[in-house]
Structures are given as structure tokens and as C-alpha cells.
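K.L.:
I have a structure here, written as C-alpha cells, and I will follow up with some questions on it.
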Amino acid sequence: MTETEDAVDGGNQSEVREANTSSAFFRGDESEHTLSIDDALSLLANPQRRRLLVFLVEQAPRDVTIESAAEALVSPESVEGGEEATDAVQIQLLHNHLPRLENTGVVTYHREYQMITYHRNPTLEQLLRTVLELDSGT
């Protein structure tokens with residue numbers, strides 16, 4: 001099992017939860033959110049959004065900045081573009097991916113702090129694991 005799959009599986013979530021309490025300010029309730037399978041599949045249809053979700057699951061329960069999410073999504077081919085590539089990804093996040101994820105209750109974007117809160121979602125995480133396995137050919 002890869003580190004990403006382990007994070008999606010919740011491998012050491014209890015250790016991470018205990019280690020990080022700084023996100024409590026942003027987090028209203030810690031309950032898991034439900035999502036229809038159709039909505040989850042729609043969210044997972046975009047490769048960049050899948051990478052964003054993997055990043056958010058790996059970071060959970062910590063909130064992440066929009067900048068750190070954009071940096072995580074910059075493709076290796078775009079690294080030469082540096083800040084311009086990160087800015088372009090950040091624009092995609094703000095105008096496409098985050099609104100879709102927020103409309104389905106998967107994330108909350110705190111505009112005033114430019115922070116993203118991921119809300120645990122068992123349906124989405126299970127489908128994400130499956131899609132990752134299919135993408136990797138296993």
C-alpha cells in the first residue's frame with residue numbers, strides 16, 4: 001500500500017489528530033459528511049481535483065492554505081514556471097475546484113484566511129482509493 005493509499009485509508013489518522021489541534025478554530029463539527037455516489041464520481045472525474053483530494057486527505061485533519069494546495073498540484077513539467085505555474089493552479093482552485101468541492105460539502109474555503117478545511121467523507125474516500133488503484137493499474 002502506498003503512502004497516499006494509506007492516508008486515504010486513514011492509516012495513522014489518530015496520531016495526526018492528536019498531534020494537530022491548530023485547525024480547531026476553522027473546524028465546526030468533526031462529523032463526517034455524506035455525499036451521493038453520483039456527486040463523488042463527478043468530483044473524481046477531474047485528475048487535478050483527484051490530486052487535490054489526495055493532498056487534502058493526506059493533510060487531514062489539518063487545514064491547508066490555498067497556496068500550499070496549489071504548490072502540491074503544480075505538475076513536475078510546470079516546476080520551471082515556478083510562481084507563475086503556482087498562480088495558475090491557484091486560480092483554477094479558486095474558480096473551479098474549490099467551489100465544486102464546497103458546493104458538495106467536501107471542503108470549506110475560508111476566504112478571509114485563505115484556508116481550506118477538508119471534511120471527512122467515507123464515500124468519497126472509498127471511491128478515491130478505487131480510482132487511484134485503477135489509475136495505477138493494480
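Residue names in the C-alpha cells use chain letters A, B, ... in the order shown, residue numbers from 1 in each chain, and ligand numbers from 1 in the order shown.
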Which residues are near Ala69 of chain A? Cut-off 10 Å, only C-alpha atoms, ignore same chain within fewer than 4 positions. Put them as a list of chain:residue names.
P.N.:
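Here the qualifying residues turn out to be A:Arg51, A:Leu52, A:Leu53, A:Phe55, A:Leu56, A:Val64, A:Thr65, A:Leu73, A:Val74, A:Thr86, A:Val89, A:Gln90, A:Leu93, A:Met115, A:Ile116.
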K.L.:
Just how far from atom CA of Val106 of chain A is atom CA of Ala72 of chain A, in Å to one decimal?
P.N.:
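According to the coordinates, atom CA of Ala72 of chain A and atom CA of Val106 of chain A are separated by 18.5 Å.
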K.L.:
If I take atom CA of Leu124 of chain A and atom CA of Ser42 of chain A, how far is one from the other in Å, to one decimal?
P.N.:
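Distance reported for this atom pair: 10.3 Å.
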K.L.:
With only C-alpha atoms as the counted atoms, please give the residues lying no more than 9 Å from Arg50 of chain A, apart from itself and same-chain residues fewer than 4 positions off, as a PyMOL selection string.
P.N.:
chain A and resi 43-46+54-55+128+131-132
